>>> print(open('query_25.txt').read())   # compact mmCIF, C-alpha atoms and all ligand atoms
# COMPACT_ATOMS: atom_id res chain seq x y z
CA MET C 649 -42.63 -4.23 22.32
CA GLN C 650 -42.72 -5.50 25.89
CA ILE C 651 -41.10 -8.09 28.11
CA SER C 652 -43.84 -10.57 28.94
CA SER C 653 -41.94 -12.79 31.39
CA ILE C 654 -38.61 -13.40 33.05
CA SER C 655 -37.28 -16.53 34.66
CA ALA C 656 -34.11 -16.60 36.72
CA ASN C 657 -32.19 -19.66 37.85
CA GLU C 658 -29.27 -20.63 40.00
CA ILE C 659 -26.95 -22.61 37.68
CA LEU C 660 -23.36 -23.81 38.06
CA ALA C 661 -20.37 -21.90 36.72
CA SER C 662 -17.06 -23.56 35.82
CA GLY C 663 -15.63 -22.95 39.30
CA GLY C 664 -18.28 -25.26 40.75
CA TYR C 665 -20.17 -22.49 42.53
CA PRO C 666 -23.50 -21.07 41.42
CA THR C 667 -24.14 -18.16 39.19
CA ILE C 668 -27.31 -16.68 37.77
CA GLU C 669 -29.00 -17.38 34.47
CA VAL C 670 -31.86 -15.26 33.17
CA ILE C 671 -34.33 -16.06 30.40
CA VAL C 672 -36.39 -13.17 29.08
CA THR C 673 -39.46 -13.70 26.90
CA LEU C 674 -40.77 -10.81 24.82
CA ASP C 675 -44.44 -10.36 23.96
CA ASN C 676 -43.67 -11.63 20.43
CA GLY C 677 -42.62 -14.94 21.97
CA VAL C 678 -38.89 -14.43 21.28
CA ARG C 679 -36.52 -15.43 24.07
CA GLY C 680 -33.11 -14.23 25.19
CA ARG C 681 -30.94 -16.18 27.60
CA SER C 682 -27.84 -15.09 29.47
CA SER C 683 -25.63 -16.22 32.33
CA VAL C 684 -22.82 -14.29 33.96
CA PRO C 685 -19.32 -15.16 35.22
CA TYR C 686 -17.44 -14.20 38.40
CA GLY C 687 -13.79 -13.45 39.13
CA ALA C 688 -11.28 -15.21 41.39
CA SER C 689 -9.09 -12.15 41.81
CA ALA C 690 -11.98 -9.70 41.63
CA GLY C 691 -10.95 -6.09 42.23
CA SER C 692 -12.53 -4.02 44.97
CA HIS C 693 -13.95 -1.45 42.53
CA GLU C 694 -16.12 -3.90 40.59
CA ALA C 695 -19.90 -4.26 40.63
CA THR C 696 -20.99 -6.56 43.43
CA VAL C 697 -21.52 -10.27 42.86
CA LEU C 698 -24.45 -10.72 45.23
CA VAL C 699 -24.20 -14.05 47.08
CA ASP C 700 -26.49 -15.29 49.83
CA GLY C 701 -23.98 -15.73 52.64
CA ASP C 702 -26.07 -18.67 53.87
CA GLU C 703 -23.34 -21.08 54.96
CA SER C 704 -25.69 -24.06 54.80
CA ARG C 705 -25.72 -23.82 50.99
CA TYR C 706 -22.63 -23.79 48.71
CA ASN C 707 -20.43 -22.40 51.51
CA GLY C 708 -22.45 -19.19 51.47
CA LYS C 709 -22.07 -18.69 47.72
CA GLY C 710 -25.61 -19.46 46.58
CA VAL C 711 -27.34 -16.80 44.47
CA LYS C 712 -30.97 -17.28 45.47
CA GLN C 713 -31.25 -13.66 46.59
CA ALA C 714 -30.03 -12.43 43.20
CA VAL C 715 -32.56 -14.76 41.55
CA ALA C 716 -35.35 -13.39 43.75
CA ASN C 717 -34.28 -9.81 42.97
CA VAL C 718 -34.72 -10.45 39.25
CA VAL C 719 -38.21 -11.89 39.62
CA GLU C 720 -39.58 -9.75 42.43
CA LYS C 721 -37.87 -6.38 41.97
CA ILE C 722 -36.40 -6.04 38.49
CA PHE C 723 -39.23 -7.57 36.46
CA PRO C 724 -41.99 -5.31 37.88
CA LEU C 725 -39.75 -2.32 37.09
CA ILE C 726 -38.83 -3.15 33.50
CA LYS C 727 -41.98 -4.76 32.20
CA ASN C 728 -43.24 -1.35 31.15
CA ILE C 729 -40.01 -0.24 29.48
CA ASP C 730 -39.57 -0.81 25.75
CA PRO C 731 -36.86 -3.50 25.62
CA GLN C 732 -35.54 -1.89 22.43
CA ASP C 733 -34.42 1.03 24.59
CA GLN C 734 -31.52 -0.79 26.22
CA ARG C 735 -30.04 2.40 27.63
CA ALA C 736 -33.29 3.31 29.44
CA LEU C 737 -33.70 -0.24 30.69
CA ASP C 738 -30.17 -0.37 32.11
CA GLN C 739 -30.56 3.07 33.66
CA ALA C 740 -33.81 2.04 35.36
CA MET C 741 -32.05 -0.92 36.98
CA ILE C 742 -29.11 1.28 38.06
CA ASP C 743 -31.55 3.76 39.63
CA LEU C 744 -33.58 1.06 41.37
CA ASP C 745 -30.40 -0.38 42.83
CA GLY C 746 -29.31 3.04 44.06
CA THR C 747 -25.73 2.13 45.06
CA PRO C 748 -22.52 2.94 43.16
CA ASN C 749 -21.53 -0.74 42.98
CA LYS C 750 -24.89 -2.49 42.52
CA ALA C 751 -24.72 -3.91 46.02
CA ASN C 752 -28.48 -3.88 46.47
CA LEU C 753 -29.82 -5.89 43.56
CA GLY C 754 -26.46 -7.46 42.67
CA GLY C 755 -24.36 -6.74 39.59
CA ASN C 756 -24.83 -10.41 38.68
CA ALA C 757 -28.65 -10.06 38.70
CA ILE C 758 -28.64 -6.77 36.79
CA LEU C 759 -26.14 -7.88 34.13
CA ALA C 760 -27.91 -11.17 33.46
CA VAL C 761 -31.14 -9.25 32.78
CA SER C 762 -29.37 -6.58 30.74
CA LEU C 763 -27.83 -9.16 28.40
CA ALA C 764 -30.85 -11.45 28.16
CA VAL C 765 -33.07 -8.55 27.09
CA ALA C 766 -30.50 -7.35 24.53
CA LYS C 767 -30.20 -10.83 23.07
CA ALA C 768 -33.96 -11.22 22.77
CA VAL C 769 -34.25 -7.92 20.94
CA ALA C 770 -31.30 -8.79 18.67
CA LYS C 771 -33.04 -12.03 17.76
CA THR C 772 -36.29 -10.16 17.09
CA GLN C 773 -34.46 -7.82 14.74
CA GLY C 774 -32.80 -10.77 13.02
CA LYS C 775 -29.32 -9.48 13.80
CA PRO C 776 -26.31 -11.29 15.20
CA PHE C 777 -25.66 -10.04 18.74
CA TYR C 778 -22.45 -8.15 17.83
CA GLU C 779 -24.29 -6.28 15.08
CA TYR C 780 -27.14 -5.41 17.42
CA ILE C 781 -24.72 -3.99 20.00
CA ARG C 782 -22.87 -2.01 17.32
CA ASP C 783 -26.09 -0.52 15.93
CA THR C 784 -27.74 0.15 19.28
CA TYR C 785 -24.80 2.16 20.60
CA GLN C 786 -23.55 3.37 17.22
CA THR C 787 -20.02 2.30 17.94
CA GLY C 788 -18.97 2.96 14.36
CA VAL C 789 -17.11 -0.35 14.07
CA ASP C 790 -17.06 -1.91 10.58
CA PHE C 791 -15.97 -5.50 11.50
CA LEU C 792 -13.14 -5.33 8.98
CA VAL C 793 -10.62 -5.84 11.76
CA LEU C 794 -11.61 -8.42 14.35
CA PRO C 795 -10.26 -8.93 17.87
CA GLN C 796 -7.34 -11.36 18.04
CA PRO C 797 -6.73 -14.17 20.51
CA MET C 798 -4.81 -13.47 23.73
CA VAL C 799 -4.53 -16.98 25.10
CA VAL C 800 -3.68 -17.55 28.75
CA VAL C 801 -1.11 -20.37 28.74
CA ILE C 802 0.37 -20.32 32.25
CA GLU C 803 -1.58 -19.26 35.29
CA GLY C 804 -0.57 -18.67 38.85
CA GLY C 805 -1.54 -16.31 41.64
CA LYS C 806 -5.08 -16.88 42.85
CA HIS C 807 -5.90 -19.06 39.85
CA ALA C 808 -3.73 -21.96 40.93
CA ASP C 809 -1.76 -23.41 43.82
CA GLU C 810 1.97 -23.20 44.56
CA THR C 811 3.00 -21.53 41.35
CA THR C 812 3.99 -18.04 40.14
CA ASP C 813 3.02 -14.86 41.98
CA LEU C 814 1.99 -13.34 38.66
CA GLN C 815 -1.45 -14.50 37.63
CA GLU C 816 -1.28 -14.96 33.85
CA TYR C 817 1.24 -15.40 31.06
CA CYS C 818 -0.45 -15.31 27.68
CA ILE C 819 0.45 -15.84 24.04
CA SER C 820 -1.08 -13.28 21.76
CA ALA C 821 -1.21 -13.04 18.03
CA VAL C 822 0.80 -10.24 16.45
CA GLY C 823 -0.89 -8.26 13.67
CA ASN C 824 -4.34 -8.54 12.22
CA GLY C 825 -4.33 -11.79 10.28
CA SER C 826 -7.07 -14.37 10.17
CA VAL C 827 -8.49 -15.16 13.60
CA MET C 828 -8.76 -18.81 12.69
CA GLU C 829 -5.08 -18.96 11.72
CA ASN C 830 -4.03 -17.06 14.82
CA VAL C 831 -6.05 -19.35 17.09
CA ARG C 832 -4.29 -22.29 15.44
CA LYS C 833 -0.84 -20.78 15.91
CA THR C 834 -1.34 -19.90 19.56
CA MET C 835 -2.76 -23.34 20.30
CA GLU C 836 0.15 -25.05 18.54
CA ALA C 837 2.52 -23.08 20.77
CA TYR C 838 0.42 -24.02 23.80
CA HIS C 839 0.83 -27.71 22.97
CA GLN C 840 4.59 -27.27 22.61
CA LEU C 841 4.59 -25.60 26.02
CA ARG C 842 3.22 -28.80 27.51
CA LYS C 843 6.32 -30.68 26.30
CA ILE C 844 8.66 -27.97 27.56
CA LEU C 845 7.13 -27.93 31.02
CA LYS C 846 7.40 -31.70 31.23
CA LYS C 847 11.01 -31.60 30.10
CA ASN C 848 11.70 -29.16 32.93
CA GLY C 849 10.15 -31.53 35.46
CA LEU C 850 7.05 -29.40 35.97
CA SER C 851 3.46 -30.57 36.16
CA ILE C 852 1.09 -29.99 33.29
CA ASN C 853 -2.00 -29.70 35.47
CA VAL C 854 -4.31 -26.89 34.48
CA GLY C 855 -5.71 -24.03 36.56
CA ASN C 856 -9.02 -22.15 36.68
CA GLU C 857 -8.78 -20.86 33.14
CA GLY C 858 -7.57 -24.07 31.51
CA ALA C 859 -3.96 -22.86 31.26
CA PHE C 860 -1.02 -24.80 32.69
CA ALA C 861 -0.49 -24.20 36.38
CA PRO C 862 2.89 -25.82 36.97
CA ASN C 863 3.78 -26.14 40.59
CA GLY C 864 7.24 -25.82 41.91
CA ILE C 865 8.11 -23.23 39.29
CA PRO C 866 11.39 -21.60 40.43
CA ASN C 867 10.53 -17.92 39.88
CA ASN C 868 8.29 -15.48 38.05
CA GLU C 869 10.65 -15.19 35.10
CA ALA C 870 10.86 -18.86 34.10
CA PRO C 871 7.54 -18.81 32.17
CA PHE C 872 8.98 -16.28 29.71
CA GLU C 873 11.78 -18.69 28.77
CA TYR C 874 9.36 -21.60 28.42
CA ILE C 875 6.93 -19.62 26.28
CA VAL C 876 9.63 -18.27 23.96
CA GLN C 877 10.87 -21.84 23.45
CA ALA C 878 7.31 -23.05 22.85
CA ILE C 879 6.76 -20.40 20.17
CA ILE C 880 10.00 -21.37 18.42
CA GLN C 881 9.33 -25.09 18.72
CA ALA C 882 5.91 -24.58 17.15
CA GLY C 883 7.68 -23.04 14.15
CA TYR C 884 6.93 -19.36 14.77
CA LYS C 885 9.00 -16.25 15.38
CA PRO C 886 8.71 -14.76 18.88
CA GLY C 887 7.67 -11.13 18.58
CA GLU C 888 6.81 -11.43 14.89
CA ASP C 889 4.15 -14.13 14.75
CA LEU C 890 3.34 -14.61 18.40
CA ALA C 891 4.23 -12.59 21.47
CA ILE C 892 3.79 -12.60 25.24
CA ALA C 893 1.15 -10.75 27.28
CA VAL C 894 1.33 -10.67 31.07
CA ASP C 895 -1.27 -10.03 33.76
CA ALA C 896 0.29 -9.81 37.21
CA ALA C 897 -2.98 -9.15 39.12
CA ALA C 898 -0.62 -7.36 41.49
CA SER C 899 -3.28 -6.36 44.03
CA GLU C 900 -3.14 -10.00 45.12
CA PHE C 901 0.49 -9.76 46.24
CA TYR C 902 0.42 -6.17 47.49
CA GLN C 903 0.89 -5.97 51.24
CA ASP C 904 1.44 -2.90 53.41
CA GLY C 905 2.59 -0.73 50.54
CA LYS C 906 4.98 -3.35 49.12
CA TYR C 907 4.91 -6.21 46.67
CA ASN C 908 5.48 -9.67 48.12
CA LEU C 909 6.90 -12.09 45.55
CA ALA C 910 6.43 -15.21 47.67
CA VAL C 911 7.83 -17.60 45.06
CA GLU C 912 11.08 -15.67 45.05
CA LYS C 913 10.99 -14.94 48.80
CA ARG C 914 11.46 -11.23 48.09
CA ILE C 915 9.48 -8.17 49.10
CA LEU C 916 9.97 -5.23 46.73
CA ASN C 917 8.87 -1.62 46.82
CA ALA C 918 7.23 -0.20 43.71
CA ALA C 919 10.44 1.29 42.29
CA GLU C 920 12.26 -2.02 42.65
CA LEU C 921 9.35 -3.90 41.13
CA ILE C 922 9.19 -1.52 38.16
CA ALA C 923 12.94 -2.04 37.59
CA TYR C 924 12.39 -5.82 37.74
CA TYR C 925 9.58 -5.51 35.18
CA GLU C 926 11.72 -3.32 32.92
CA GLY C 927 14.34 -6.08 32.86
CA TRP C 928 11.79 -8.42 31.29
CA LEU C 929 10.87 -5.82 28.66
CA LYS C 930 14.50 -5.77 27.57
CA LYS C 931 14.75 -9.55 27.29
CA TYR C 932 11.45 -10.93 26.04
CA PRO C 933 8.97 -10.31 23.21
CA ILE C 934 6.32 -8.76 25.48
CA VAL C 935 3.43 -6.86 23.91
CA SER C 936 1.37 -6.00 26.97
CA TYR C 937 1.57 -5.61 30.73
CA GLU C 938 -1.66 -5.74 32.75
CA ASP C 939 -2.22 -4.91 36.44
CA MET C 940 1.47 -5.02 37.20
CA LEU C 941 0.78 -2.77 40.20
CA ALA C 942 -1.98 -2.67 42.78
CA GLU C 943 -5.43 -1.32 42.00
CA ASP C 944 -5.02 1.98 43.89
CA ASP C 945 -1.30 2.55 43.42
CA TRP C 946 -2.03 5.37 40.92
CA GLU C 947 1.23 7.19 41.30
CA ASN C 948 3.31 4.15 40.38
CA TRP C 949 1.01 3.25 37.50
CA THR C 950 1.92 6.59 35.95
CA LYS C 951 5.62 5.81 36.48
CA LEU C 952 5.39 2.34 34.95
CA ASN C 953 3.45 3.84 32.04
CA GLN C 954 6.49 5.95 31.16
CA VAL C 955 8.59 2.77 31.08
CA THR C 956 6.19 0.65 29.00
CA LYS C 957 5.85 3.52 26.51
CA LYS C 958 9.61 3.44 25.90
CA TYR C 959 9.27 -0.17 24.76
CA GLY C 960 6.06 0.31 22.79
CA VAL C 961 4.25 -2.09 25.11
CA GLU C 962 0.53 -1.74 25.90
CA HIS C 963 -0.07 -1.01 29.56
CA ILE C 964 -3.46 -2.40 30.52
CA GLY C 965 -5.64 -1.53 33.49
CA ASP C 966 -7.95 -4.24 34.83
CA ASP C 967 -8.54 -4.04 38.61
CA LEU C 968 -7.28 -0.45 38.34
CA THR C 969 -10.13 0.66 36.13
CA ALA C 970 -12.75 -2.08 36.72
CA THR C 971 -14.60 -1.29 33.45
CA ASN C 972 -15.73 1.91 35.13
CA MET C 973 -16.01 5.26 33.31
CA GLU C 974 -14.89 7.40 36.26
CA ARG C 975 -11.86 5.26 36.95
CA LEU C 976 -11.01 5.18 33.26
CA GLN C 977 -11.25 8.98 33.11
CA LYS C 978 -8.92 9.21 36.11
CA ALA C 979 -6.45 6.85 34.41
CA ILE C 980 -6.55 9.04 31.30
CA ASP C 981 -6.03 12.21 33.34
CA LEU C 982 -3.08 10.67 35.21
CA ASP C 983 -1.59 9.06 32.08
CA ALA C 984 -1.58 5.79 33.98
CA MET C 985 -2.09 3.30 31.14
CA THR C 986 -2.59 2.89 27.40
CA ALA C 987 -5.27 0.16 27.22
CA ILE C 988 -8.15 -1.15 29.28
CA LEU C 989 -9.35 -4.63 30.13
CA ILE C 990 -13.11 -4.96 29.71
CA LYS C 991 -15.26 -7.32 31.73
CA LEU C 992 -19.03 -7.01 31.48
CA ASN C 993 -19.56 -8.09 35.06
CA GLN C 994 -17.18 -5.47 36.45
CA ALA C 995 -19.57 -2.84 35.09
CA GLY C 996 -22.85 -4.71 35.57
CA THR C 997 -24.82 -3.53 32.53
CA LEU C 998 -24.30 -3.70 28.78
CA THR C 999 -24.71 0.08 28.48
CA GLU C 1000 -22.05 0.99 31.04
CA THR C 1001 -19.65 -1.52 29.49
CA VAL C 1002 -20.08 -0.13 25.98
CA ASP C 1003 -19.84 3.46 27.25
CA THR C 1004 -16.52 2.63 28.92
CA CYS C 1005 -15.25 1.06 25.69
CA MET C 1006 -16.28 4.13 23.71
CA LEU C 1007 -14.54 6.48 26.14
CA ALA C 1008 -11.39 4.38 25.70
CA ARG C 1009 -11.74 4.49 21.93
CA LYS C 1010 -12.19 8.25 21.91
CA ASN C 1011 -8.89 8.49 23.77
CA ASN C 1012 -7.10 6.13 21.39
CA MET C 1013 -6.91 3.41 23.99
CA ALA C 1014 -7.18 -0.20 22.97
CA THR C 1015 -9.74 -2.42 24.70
CA VAL C 1016 -9.09 -6.06 25.60
CA THR C 1017 -12.27 -7.94 26.42
CA SER C 1018 -11.80 -10.70 28.97
CA HIS C 1019 -13.25 -13.84 30.50
CA ARG C 1020 -13.28 -14.32 34.30
CA GLY C 1021 -11.05 -16.63 36.29
CA GLY C 1022 -13.43 -17.62 39.09
CA GLY C 1023 -16.31 -19.17 37.21
CA GLU C 1024 -17.35 -18.90 33.58
CA THR C 1025 -20.38 -20.21 31.74
CA ASN C 1026 -20.96 -21.06 28.10
CA ASP C 1027 -22.38 -17.59 27.50
CA THR C 1028 -20.33 -15.95 24.73
CA SER C 1029 -21.64 -12.37 25.02
CA MET C 1030 -18.14 -11.10 25.80
CA VAL C 1031 -17.01 -12.07 22.30
CA ASP C 1032 -19.89 -10.29 20.57
CA LEU C 1033 -19.20 -7.26 22.73
CA ALA C 1034 -15.50 -7.36 21.78
CA VAL C 1035 -16.39 -7.43 18.08
CA ALA C 1036 -19.02 -4.68 18.46
CA VAL C 1037 -16.66 -2.23 20.15
CA GLY C 1038 -13.61 -3.17 18.07
CA SER C 1039 -11.50 -4.67 20.86
CA ARG C 1040 -7.91 -5.40 19.96
CA PHE C 1041 -7.95 -8.78 21.76
CA VAL C 1042 -10.17 -11.22 23.56
CA LYS C 1043 -8.40 -12.75 26.54
CA VAL C 1044 -9.53 -16.32 27.23
CA GLY C 1045 -7.96 -19.60 28.40
CA PRO C 1046 -6.92 -22.32 25.95
CA THR C 1047 -8.88 -25.37 27.15
CA ARG C 1048 -12.12 -26.32 28.96
CA GLY C 1049 -15.51 -25.94 27.34
CA GLU C 1050 -16.43 -22.62 28.92
CA ARG C 1051 -13.24 -21.11 27.46
CA VAL C 1052 -13.02 -22.62 23.99
CA CYS C 1053 -16.66 -21.70 23.28
CA LYS C 1054 -15.44 -18.08 23.25
CA TYR C 1055 -12.82 -18.78 20.57
CA ASN C 1056 -15.32 -20.86 18.65
CA ARG C 1057 -17.73 -17.92 18.70
CA LEU C 1058 -15.00 -15.56 17.51
CA MET C 1059 -14.14 -17.87 14.61
CA GLU C 1060 -17.84 -18.17 13.79
CA ILE C 1061 -18.07 -14.38 13.63
CA GLU C 1062 -15.04 -14.31 11.35
CA ARG C 1063 -16.78 -16.69 8.97
CA GLU C 1064 -19.99 -14.65 9.11
CA THR C 1065 -18.35 -11.30 8.51
CA ARG C 1066 -15.98 -12.57 5.82
CA GLY C 1067 -18.79 -14.16 3.82
P1 LIG N 1 -10.27 -12.82 37.48
O1 LIG N 1 -8.97 -12.89 36.56
O2 LIG N 1 -11.45 -13.02 36.62
O3 LIG N 1 -10.03 -13.90 38.49
O4 LIG N 1 -10.27 -11.45 38.11
C1 LIG N 1 -8.91 -12.47 35.23
C2 LIG N 1 -8.04 -11.27 35.09
O5 LIG N 1 -7.54 -10.73 36.11
O6 LIG N 1 -7.83 -10.76 34.00
ZN ZN N 2 -6.43 -9.04 35.06
>>> encode(input="query_25.txt", output="structure tokens")
Amino acid sequence: MQISSISANEILASGGYPTIEVIVTLDNGVRGRSSVPYGASAGSHEATVLVDGDESRYNGKGVKQAVANVVEKIFPLIKNIDPQDQRALDQAMIDLDGTPNKANLGGNAILAVSLAVAKAVAKTQGKPFYEYIRDTYQTGVDFLVLPQPMVVVIEGGKHADETTDLQEYCISAVGNGSVMENVRKTMEAYHQLRKILKKNGLSINVGNEGAFAPNGIPNNEAPFEYIVQAIIQAGYKPGEDLAIAVDAAASEFYQDGKYNLAVEKRILNAAELIAYYEGWLKKYPIVSYEDMLAEDDWENWTKLNQVTKKYGVEHIGDDLTATNMERLQKAIDLDAMTAILIKLNQAGTLTETVDTCMLARKNNMATVTSHRGGGETNDTSMVDLAVAVGSRFVKVGPTRGERVCKYNRLMEIERETRG
């Protein structure tokens, strides 16, 4: 089997800036298509999103160079590699790039090719994409337990304007019930949240990820109260049916070794911040804490991990680990966290992403596969990946087409695997 042609295009992502789409055609005529997202609060250890920097187009954020790299550099390299050997194909692109963060060819260019090829081969083999990924990498997942929804319901930080310092407050399903039922429950709570925000005089505008981005919110704690009320008002038990997951994206408010909570007009050191966070664990039905500290604040991650363990709360690394095997290994060695956020475009190839997930699994760490806050597309590969590696959750926003298509794909997979 061979790749007979590749086309690459600059398309729009949900943030209104371009991203790259790749269409691969195999010599049997079968096509695979993929497009990749980008982050708003991207960490500094992620694969590079290669943008043109030409200020005369899209404020410098065009991706024509990444498009050219696919056609002129990547295609000549991979056209002689068997597309069924995804690991070899990804490795060839990593080697051609030659940098640790895919700065040369662009992580966006490489990932779009990686996924488009995999999808074309999956189609050729007549397998759903999640099954193809599972079989190709022998993840050993049986699809009996599917990832559950972790729905972002309030967003702040870099995803919105004039709201909380913390980036995301989510509602996640508790337990392993039906995905379809759990999507319904979380969405019912989301709709109650709308009423509660209004009652409190807050706006119900939505942010980048389709979650509410209320401005004028008094502090970083208020969302917990609103969400607990929303869960109750929807007819569910906080902590039993639905619970709260938080992503602080703390690198965004880390300045000169301290944490600047602008909304509260307070600057805290790590010890004070950890004590503040522990207060919430005592009061609210929180099931996970993500990026509560800055991406290189290793020492304090280990300290917070001791605290979250006391409360049985998952402690998730996102910017800290950047879907990167070496950083994950370091987090394991330092006992810095108990779960890892997975984003395909942080790694930049399907193979590296799956390898990172498998390393987590081997160490009894849960994976949470996530959308991006900067710009998403209607590509649902992240959901198939989540199913293939047995992620505990998929983290996605509640509204907007590029978000709900992920939940729709997850529910479709539930129907397929449940017969
Ligand atoms: P990002 O946010 O895609 O803007 O980085 C999502 C997250 O931090 O989980
Ligand atoms: Zn995050």
>>> closest_atom_pairs(input="query_25.txt", of="chain C", to="ligand ZN 2 (chain N)", cutoff="8 Å", atoms="all atoms listed in the file", output="CSV")
residue,atom,partner,partner_atom,distance
C:Ser689,CA,N:ZN2,ZN,7.9
C:Gln815,CA,N:ZN2,ZN,7.8
C:Glu816,CA,N:ZN2,ZN,7.9
C:Asp895,CA,N:ZN2,ZN,5.4
C:Ala896,CA,N:ZN2,ZN,7.1
C:Ala897,CA,N:ZN2,ZN,5.3
C:Glu938,CA,N:ZN2,ZN,6.2
C:Asp939,CA,N:ZN2,ZN,6.1
C:Gly965,CA,N:ZN2,ZN,7.7
C:Asp966,CA,N:ZN2,ZN,5.0
C:Asp967,CA,N:ZN2,ZN,6.5
C:Leu989,CA,N:ZN2,ZN,7.2
>>> residues_around(input="query_25.txt", residues="C:Tyr959", least_positions_apart="2", cutoff="9 Å", atoms="all atoms listed in the file", output="list of chain:residue names")
C:Leu929, C:Lys930, C:Val935, C:Val955, C:Thr956, C:Lys957, C:Val961, C:Glu962
>>> residues_near_ligand(input="query_25.txt", ligand="ligand LIG 1 (chain N)", cutoff="6 Å", atoms="only C-alpha atoms and all ligand atoms", output="PyMOL selection string")
chain C and resi 687-690+897+1020-1022
>>> closest_residue(input="query_25.txt", among="C:Tyr778, C:Glu803, C:Gly883, C:Asp743", to="C:Asp790", atoms="all atoms listed in the file")
C:Tyr778
>>> atom_distance(input="query_25.txt", atom1="atom CA of C:Ile654", atom2="atom CA of C:Val718")
7.9 Å
>>> atom_distance(input="query_25.txt", atom1="atom CA of C:Ala987", atom2="atom CA of C:Met798")
14.1 Å
>>> closest_residue(input="query_25.txt", among="C:Lys709, C:Lys958, C:Arg679, C:Arg842", to="C:Ile879", atoms="only C-alpha atoms")
C:Arg842
>>> closest_residue(input="query_25.txt", among="C:Leu909, C:Met973, C:Met741, C:Ala808", to="C:Val854", atoms="all atoms listed in the file")
C:Ala808
>>> residues_around(input="query_25.txt", residues="stretch 857-870 of chain C", least_positions_apart="4", cutoff="7 Å", atoms="all atoms listed in the file", output="list in words")
Val800, Val801, Ile802, Glu803, Gly804, Ala808, Asp809, Glu810, Thr811, Thr812, Asp813, Leu814, Leu850, Ser851, Ile852, Asn853, Tyr874, Val911, Glu912, Gly1021, Gly1045, Pro1046, Thr1047 and Arg1048 of chain C
>>> residues_around(input="query_25.txt", residues="stretch 758-774 of chain C", least_positions_apart="4", cutoff="8 Å", atoms="only C-alpha atoms", output="PyMOL selection string")
chain C and resi 668-674+678-684+718+722+731-732+734+737-738+741+753-754+780+992-993+996-998+1029
>>> closest_residue(input="query_25.txt", among="C:His839, C:Ser652, C:Asn752, C:Tyr706", to="C:Lys721", atoms="all atoms listed in the file")
C:Asn752
>>> build_atoms(input="query_25.txt", residues="stretch 927-937 of chain C", atoms="N, CA, C and O atoms", output="tab-separated table (two decimals), keeping the file's coordinate frame")
chain	number	residue	atom	x	y	z
C	927	GLY	N	13.37	-5.05	33.28
C	927	GLY	CA	14.34	-6.08	32.86
C	927	GLY	C	13.70	-7.07	31.89
C	927	GLY	O	14.31	-7.45	30.88
C	928	TRP	N	12.48	-7.46	32.18
C	928	TRP	CA	11.79	-8.42	31.29
C	928	TRP	C	11.50	-7.79	29.93
C	928	TRP	O	11.57	-8.45	28.90
C	929	LEU	N	11.17	-6.49	29.94
C	929	LEU	CA	10.87	-5.82	28.66
C	929	LEU	C	12.09	-5.80	27.75
C	929	LEU	O	11.97	-5.81	26.53
C	930	LYS	N	13.27	-5.78	28.37
C	930	LYS	CA	14.50	-5.77	27.57
C	930	LYS	C	14.80	-7.14	26.98
C	930	LYS	O	15.46	-7.26	25.96
C	931	LYS	N	14.35	-8.19	27.68
C	931	LYS	CA	14.75	-9.55	27.29
C	931	LYS	C	13.75	-10.34	26.47
C	931	LYS	O	14.12	-11.26	25.75
C	932	TYR	N	12.47	-10.05	26.62
C	932	TYR	CA	11.45	-10.93	26.04
C	932	TYR	C	10.50	-10.18	25.10
C	932	TYR	O	10.29	-8.98	25.25
C	933	PRO	N	9.91	-10.93	24.17
C	933	PRO	CA	8.97	-10.31	23.21
C	933	PRO	C	7.60	-10.06	23.85
C	933	PRO	O	6.63	-10.76	23.58
C	934	ILE	N	7.56	-9.05	24.72
C	934	ILE	CA	6.32	-8.76	25.48
C	934	ILE	C	5.54	-7.66	24.78
C	934	ILE	O	6.11	-6.64	24.39
C	935	VAL	N	4.25	-7.90	24.56
C	935	VAL	CA	3.43	-6.86	23.91
C	935	VAL	C	2.51	-6.12	24.86
C	935	VAL	O	2.05	-5.02	24.56
C	936	SER	N	2.20	-6.74	26.02
C	936	SER	CA	1.37	-6.00	26.97
C	936	SER	C	1.61	-6.44	28.41
C	936	SER	O	1.96	-7.59	28.69
C	937	TYR	N	1.43	-5.46	29.28
C	937	TYR	CA	1.57	-5.61	30.73
C	937	TYR	C	0.24	-5.18	31.35
C	937	TYR	O	-0.21	-4.06	31.13
